[in-house]
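Asks: mmCIF, C-alpha atoms, file target01.cif:
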data_final
#
loop_
_atom_site.label_atom_id
_atom_site.label_comp_id
_atom_site.auth_asym_id
_atom_site.auth_seq_id
_atom_site.Cartn_x
_atom_site.Cartn_y
_atom_site.Cartn_z
CA MET A 988 123.16 226.45 -139.50
CA GLN A 989 122.43 223.20 -137.71
CA LEU A 990 125.23 220.86 -136.74
CA TYR A 991 125.24 217.22 -135.74
CA PRO A 992 125.31 217.24 -131.91
CA GLY A 993 128.82 217.42 -130.48
CA THR A 994 130.39 218.12 -133.87
CA THR A 995 131.35 221.00 -136.14
CA VAL A 996 129.75 219.22 -139.10
CA GLN A 997 126.78 220.87 -140.77
CA LYS A 998 123.70 218.65 -140.95
CA LYS A 999 122.94 217.32 -144.39
CA LYS A 1000 119.32 217.12 -145.49
CA GLY A 1001 118.00 213.58 -145.15
CA VAL A 1002 121.01 212.31 -143.16
CA SER A 1003 120.21 211.69 -139.50
CA GLY A 1004 122.78 211.93 -136.72
CA LYS A 1005 122.69 208.15 -136.43
CA GLN A 1006 123.41 207.78 -140.17
CA PHE A 1007 126.14 210.40 -139.99
CA LEU A 1008 127.92 208.50 -137.19
CA SER A 1009 127.59 205.17 -139.00
CA GLY A 1010 128.87 206.70 -142.21
CA LEU A 1011 132.09 207.77 -140.50
CA PHE A 1012 132.94 204.14 -139.84
CA MET A 1013 132.04 202.52 -143.16
CA GLY A 1014 135.04 200.47 -144.16
CA SER A 1015 137.29 201.75 -141.39
CA GLY A 1016 138.71 200.30 -138.23
CA GLY A 1017 138.14 203.54 -136.35
CA ILE A 1018 139.09 207.16 -136.65
CA VAL A 1019 142.33 208.83 -135.62
CA MET A 1020 142.84 211.89 -133.45
CA GLN A 1021 143.23 214.30 -136.37
CA GLN A 1022 139.83 213.22 -137.72
CA LEU A 1023 138.30 213.68 -134.25
CA ASN A 1024 139.81 217.16 -134.07
CA GLU A 1025 138.26 218.07 -137.42
CA LEU A 1026 134.86 216.57 -136.57
CA THR A 1027 134.54 218.13 -133.12
CA GLY A 1028 136.75 221.21 -133.02
CA LEU A 1029 138.42 219.71 -129.93
CA LYS A 1030 142.15 219.91 -129.45
CA THR A 1031 144.20 216.74 -128.95
CA PRO A 1032 145.12 217.52 -125.29
CA THR A 1033 141.41 217.87 -124.44
CA VAL A 1034 140.55 214.38 -125.69
CA GLN A 1035 143.70 212.93 -124.11
CA ASN A 1036 142.69 214.56 -120.82
CA TRP A 1037 139.24 212.96 -121.05
CA VAL A 1038 140.87 209.57 -121.58
CA SER A 1039 143.30 209.99 -118.67
CA ARG A 1040 140.48 211.15 -116.36
CA GLY A 1041 138.35 208.10 -117.18
CA PHE A 1042 135.67 209.85 -119.26
CA MET A 1043 136.68 207.83 -122.32
CA PRO A 1044 138.13 204.43 -123.12
CA HIS A 1045 141.71 204.39 -124.38
CA PRO A 1046 142.02 204.28 -128.18
CA ILE A 1047 143.04 200.96 -129.69
CA ASN A 1048 146.02 201.27 -132.04
CA LYS A 1049 145.54 205.06 -131.92
CA ARG A 1050 142.03 204.68 -133.33
CA TYR A 1051 138.75 205.57 -131.69
CA SER A 1052 135.86 203.16 -132.16
CA LYS A 1053 132.35 204.10 -133.16
CA ASP A 1054 131.23 203.94 -129.52
CA ALA A 1055 134.20 205.98 -128.27
CA THR A 1056 133.53 208.60 -130.96
CA ALA A 1057 129.85 208.73 -130.01
CA ARG A 1058 130.89 209.21 -126.39
CA ILE A 1059 133.12 212.13 -127.43
CA PHE A 1060 130.23 213.65 -129.40
CA ILE A 1061 127.93 213.34 -126.37
CA ILE A 1062 130.48 214.86 -123.98
CA ASN A 1063 131.17 217.68 -126.42
CA ALA A 1064 127.44 218.35 -126.88
CA LEU A 1065 126.91 218.61 -123.11
CA ARG A 1066 129.98 220.49 -121.94
CA ASN A 1067 128.51 223.99 -122.43
CA THR A 1068 125.73 223.28 -119.94
CA MET A 1069 127.16 220.62 -117.60
CA THR A 1070 130.44 220.23 -115.75
CA LEU A 1071 132.74 217.49 -116.97
CA GLU A 1072 132.34 215.72 -113.64
CA ASP A 1073 128.54 215.71 -114.01
CA ILE A 1074 128.86 214.43 -117.58
CA LYS A 1075 131.13 211.66 -116.31
CA LYS A 1076 128.58 210.76 -113.60
CA LEU A 1077 125.83 210.66 -116.23
CA LEU A 1078 127.81 208.39 -118.55
CA ILE A 1079 128.78 206.12 -115.64
CA PHE A 1080 125.09 206.00 -114.67
CA VAL A 1081 124.36 204.69 -118.17
CA ASN A 1082 127.37 202.51 -118.90
CA GLY A 1083 129.64 202.23 -115.89
CA ASN A 1084 133.35 202.01 -116.59
CA PRO A 1085 134.20 203.11 -120.17
CA GLU A 1086 136.93 200.44 -120.35
CA ASN A 1087 134.49 197.62 -119.45
CA ARG A 1088 131.69 196.86 -121.94
CA ALA A 1089 130.12 194.18 -119.69
CA ASP A 1090 128.37 196.76 -117.48
CA ASP A 1091 126.87 198.76 -120.38
CA ILE A 1092 123.12 199.06 -120.78
CA ILE A 1093 123.49 200.46 -124.32
CA PRO A 1094 126.37 201.08 -126.72
CA GLU A 1095 127.25 204.79 -126.85
CA SER A 1096 126.67 204.80 -130.61
CA LYS A 1097 123.09 203.69 -130.01
CA LEU A 1098 122.70 206.25 -127.19
CA TYR A 1099 123.92 208.96 -129.58
CA GLY A 1100 121.50 207.64 -132.22
CA TYR A 1101 118.59 207.84 -129.77
CA PHE A 1102 119.65 211.36 -128.75
CA CYS A 1103 119.77 212.46 -132.39
CA GLU A 1104 116.46 210.78 -133.20
CA ILE A 1105 114.73 212.66 -130.39
CA ILE A 1106 116.13 216.09 -131.21
CA GLU A 1107 115.54 215.59 -134.94
CA ASP A 1108 111.84 214.91 -134.36
CA GLU A 1109 109.77 217.88 -135.53
CA ARG A 1110 107.81 217.72 -132.27
CA PHE A 1111 110.96 218.09 -130.14
CA SER A 1112 110.48 220.65 -127.37
CA PHE A 1113 110.93 220.88 -123.62
CA LYS A 1114 107.28 219.90 -123.10
CA ARG A 1115 107.53 216.83 -125.33
CA VAL A 1116 110.94 215.42 -124.33
CA ASN A 1117 109.57 212.67 -122.07
CA GLU A 1118 106.86 211.71 -124.55
CA LEU A 1119 109.41 211.34 -127.36
CA ILE A 1120 111.75 209.33 -125.13
CA ASP A 1121 108.92 207.00 -124.08
CA GLN A 1122 107.93 206.44 -127.73
CA LEU A 1123 111.51 205.73 -128.72
CA LEU A 1124 112.10 203.26 -125.91
CA THR A 1125 108.99 201.13 -126.50
CA THR A 1126 111.11 198.46 -128.21
CA TYR A 1127 114.14 198.73 -125.90
CA GLU A 1128 114.84 195.42 -124.17
CA GLU A 1129 116.53 195.49 -120.78
CA LYS A 1130 119.57 193.31 -120.28
CA LEU A 1131 120.17 194.64 -116.76
CA GLN A 1132 117.60 195.41 -114.08
CA HIS A 1133 116.28 199.01 -114.26
CA ALA A 1134 118.25 199.65 -117.46
CA LYS A 1135 115.28 201.15 -119.30
CA GLU A 1136 114.58 203.61 -116.49
CA ARG A 1137 118.26 204.59 -116.32
CA LEU A 1138 118.36 205.07 -120.08
CA LYS A 1139 115.20 207.17 -120.00
CA THR A 1140 116.64 209.38 -117.24
CA ALA A 1141 119.94 209.81 -119.08
CA LEU A 1142 118.21 210.72 -122.35
CA GLU A 1143 116.08 213.25 -120.49
CA VAL A 1144 119.21 214.91 -119.05
CA ILE A 1145 120.98 214.88 -122.43
CA CYS A 1146 118.00 216.33 -124.33
CA ILE A 1147 117.22 219.01 -121.74
CA ASN A 1148 120.85 220.10 -121.76
CA TYR A 1149 120.78 220.19 -125.56
CA LEU A 1150 117.80 222.57 -125.32
CA ALA A 1151 119.59 224.62 -122.65
CA ASN A 1152 122.62 224.96 -124.91
CA ASP A 1153 120.36 226.11 -127.73
CA LEU A 1154 118.87 228.77 -125.45
CA LEU A 1155 122.33 229.91 -124.34
CA THR A 1156 123.43 230.20 -127.96
CA ARG A 1157 120.33 232.23 -128.84
CA SER A 1158 120.88 234.48 -125.85
CA LYS A 1159 124.48 235.14 -126.92
CA CYS A 1160 123.27 236.06 -130.43
CA VAL A 1161 120.78 238.54 -129.00
CA MET A 1162 123.50 240.06 -126.82
CA GLU A 1163 125.74 240.43 -129.89
CA LYS A 1164 122.92 242.28 -131.66
CA ILE A 1165 122.56 244.59 -128.68
CA GLU A 1166 126.27 245.31 -128.76
CA GLU A 1167 126.20 245.90 -132.53
CA LYS A 1168 123.19 248.21 -132.48
CA ASN A 1169 124.14 250.08 -129.33
CA ILE A 1170 120.67 251.56 -129.57
CA PHE A 1171 121.15 254.36 -127.09
CA GLY A 1172 124.59 255.42 -128.22
CA GLU A 1173 126.06 254.44 -124.88
CA GLN A 1174 129.24 252.50 -124.55
CA LEU A 1175 128.70 248.98 -123.33
#
Reformat the file's structure so that it appears as structure tokens.

Replies:
Amino acid sequence: MQLYPGTTVQKKKGVSGKQFLSGLFMGSGGIVMQQLNELTGLKTPTVQNWVSRGFMPHPINKRYSKDATARIFIINALRNTMTLEDIKKLLIFVNGNPENRADDIIPESKLYGYFCEIIEDERFSFKRVNELIDQLLTTYEEKLQHAKERLKTALEVICINYLANDLLTRSKCVMEKIEEKNIFGEQL
């Protein structure tokens, strides 16, 4: 079962991660904590901790924007393979202070969309990550000096960690099979 990155939501055929995120915000002024909990499997104190530690912008009127939600999805997608401090460094590398939009090189919703577009490509693999990123960023226009290179680097880190998480998950499944089969009749 494939999920949208950083969520507990099963992918729907023909609906990209970018479309999924946009669909959550059709006709709404943001989503509330309970919706975030359902979408991500995260507990309220976890998200509140991320906000207080500066990983996330504060919600406005108890609602999380499309960009804040995308940021939560990205953090959640990376936290099995990266420390929270490294994720914070990565997101600051891309967009600086989460409370200040003026230093952003890309909205988090667009970053999440790029991430999803890369991993949803049928050619997606460790060997092709940089090629797919380069193709995707051909139309990206820099608003800040070196923004394209920073974005490329960040996408590379995000996609490689996505692959690493997939490998960890597969490894855990194999270990579960070993434990179930207990081939040699020995206690593990």

Asks: What is the atom CA of A:Cys1146 to atom CA of A:Gly993 distance in Å?

Replies: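 Computed distance, atom CA of A:Cys1146 to atom CA of A:Gly993, equals 12.5 Å.
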
Asks: Which residues match the PyMOL selection byres ((chain A and resi 1012) around 12) in the file above, as a JSON list (two decimals) with C-alpha atoms, in the frame of the given file?

Replies:
[["chain", "number", "residue", "atom", "x", "y", "z"],
["A", 1005, "LYS", "CA", 122.69, 208.15, -136.43],
["A", 1006, "GLN", "CA", 123.41, 207.78, -140.17],
["A", 1007, "PHE", "CA", 126.14, 210.40, -139.99],
["A", 1008, "LEU", "CA", 127.92, 208.50, -137.19],
["A", 1009, "SER", "CA", 127.59, 205.17, -139.00],
["A", 1010, "GLY", "CA", 128.87, 206.70, -142.21],
["A", 1011, "LEU", "CA", 132.09, 207.77, -140.50],
["A", 1013, "MET", "CA", 132.04, 202.52, -143.16],
["A", 1014, "GLY", "CA", 135.04, 200.47, -144.16],
["A", 1015, "SER", "CA", 137.29, 201.75, -141.39],
["A", 1016, "GLY", "CA", 138.71, 200.30, -138.23],
["A", 1017, "GLY", "CA", 138.14, 203.54, -136.35],
["A", 1018, "ILE", "CA", 139.09, 207.16, -136.65],
["A", 1019, "VAL", "CA", 142.33, 208.83, -135.62],
["A", 1022, "GLN", "CA", 139.83, 213.22, -137.72],
["A", 1050, "ARG", "CA", 142.03, 204.68, -133.33],
["A", 1051, "TYR", "CA", 138.75, 205.57, -131.69],
["A", 1052, "SER", "CA", 135.86, 203.16, -132.16],
["A", 1053, "LYS", "CA", 132.35, 204.10, -133.16],
["A", 1054, "ASP", "CA", 131.23, 203.94, -129.52],
["A", 1055, "ALA", "CA", 134.20, 205.98, -128.27],
["A", 1056, "THR", "CA", 133.53, 208.60, -130.96],
["A", 1057, "ALA", "CA", 129.85, 208.73, -130.01],
["A", 1096, "SER", "CA", 126.67, 204.80, -130.61]]

Asks: Expanded to explicit residues, what is the PyMOL selection byres ((chain A and resi 1027) around 10) for this file, as JSON, numbers by chain?

Replies: {"A": [991, 992, 993, 994, 995, 996, 1022, 1023, 1024, 1025, 1026, 1028, 1029, 1030, 1056, 1059, 1060, 1063, 1064]}

Asks: Hey, which of A:Val1116, A:Met1069, A:Leu1077, A:Leu1138 ends up closest to A:Pro1094? Count only C-alpha atoms.

Replies: A:Leu1138

Asks: Measure the distance from atom CA of A:Ile1062 to atom CA of A:Met1043 in Å and round it to one decimal.

Replies: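 We find that atom CA of A:Ile1062 and atom CA of A:Met1043 lie 9.5 Å from each other.
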
Asks: Using all atoms listed in the file, which of the listed residues (A:Ile1105, A:Glu1143, A:Leu1150, A:Ser1003) sits closest to A:Asn1067?

Replies: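 For A:Asn1067, the nearest of the given residues is A:Leu1150.
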
Asks: So which residues touch A:Tyr1101 within 9 Å, counting all atoms listed in the file, skipping near sequence neighbours fewer than 5 positions away, as a PyMOL selection string?

Replies: chain A and resi 1005+1096+1106+1120+1123-1124+1142

Asks: Can you tell me, as number ranges by chain, what residues are no more than 12 Å from A:Arg1040 when counting all atoms listed in the file, ignoring any on the same chain fewer than 4 positions away?

Replies: A: 1032-1036, 1044-1045, 1071-1072, 1075, 1084-1086

Asks: Take the residues just selected and output them with C-alpha atoms as a JSON list (two decimals), in the frame of the given file.

Replies:
[["chain", "number", "residue", "atom", "x", "y", "z"],
["A", 1032, "PRO", "CA", 145.12, 217.52, -125.29],
["A", 1033, "THR", "CA", 141.41, 217.87, -124.44],
["A", 1034, "VAL", "CA", 140.55, 214.38, -125.69],
["A", 1035, "GLN", "CA", 143.70, 212.93, -124.11],
["A", 1036, "ASN", "CA", 142.69, 214.56, -120.82],
["A", 1044, "PRO", "CA", 138.13, 204.43, -123.12],
["A", 1045, "HIS", "CA", 141.71, 204.39, -124.38],
["A", 1071, "LEU", "CA", 132.74, 217.49, -116.97],
["A", 1072, "GLU", "CA", 132.34, 215.72, -113.64],
["A", 1075, "LYS", "CA", 131.13, 211.66, -116.31],
["A", 1084, "ASN", "CA", 133.35, 202.01, -116.59],
["A", 1085, "PRO", "CA", 134.20, 203.11, -120.17],
["A", 1086, "GLU", "CA", 136.93, 200.44, -120.35]]

Asks: When you draw a straight line from atom CA of A:Asp1108 to atom CA of A:Lys1076, how long is it in Å?

Replies: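 According to the coordinates, atom CA of A:Asp1108 and atom CA of A:Lys1076 are separated by 27.0 Å.
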
Asks: Choose the residue, out of A:Ile1047, A:Leu1131, A:Val1161, A:Ile1061, that has the smallest atom-to-atom separation from A:Asp1090; count only C-alpha atoms.

Replies: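 Smallest distance to A:Asp1090 is found for A:Leu1131.
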
Asks: Hey, which of A:Ile1079, A:Leu1065, A:Met1020, A:Lys1114 ends up closest to A:Phe1042? Count all atoms listed in the file.

Replies: A:Ile1079

Asks: Select all residues near (117.5, 197.8, -115.2) (cut-off 12 Å, inclusive, file coordinates), counting all atoms listed in the file, and output them as a compact mmCIF listing (two decimals) with C-alpha atoms, in the coordinates of the input.

Replies:
# COMPACT_ATOMS: atom_id res chain seq x y z
CA PHE A 1080 125.09 206.00 -114.67
CA VAL A 1081 124.36 204.69 -118.17
CA ASN A 1082 127.37 202.51 -118.90
CA ASP A 1090 128.37 196.76 -117.48
CA ASP A 1091 126.87 198.76 -120.38
CA ILE A 1092 123.12 199.06 -120.78
CA ILE A 1093 123.49 200.46 -124.32
CA TYR A 1127 114.14 198.73 -125.90
CA GLU A 1128 114.84 195.42 -124.17
CA GLU A 1129 116.53 195.49 -120.78
CA LYS A 1130 119.57 193.31 -120.28
CA LEU A 1131 120.17 194.64 -116.76
CA GLN A 1132 117.60 195.41 -114.08
CA HIS A 1133 116.28 199.01 -114.26
CA ALA A 1134 118.25 199.65 -117.46
CA LYS A 1135 115.28 201.15 -119.30
CA GLU A 1136 114.58 203.61 -116.49
CA ARG A 1137 118.26 204.59 -116.32
CA LEU A 1138 118.36 205.07 -120.08
CA LYS A 1139 115.20 207.17 -120.00
CA THR A 1140 116.64 209.38 -117.24
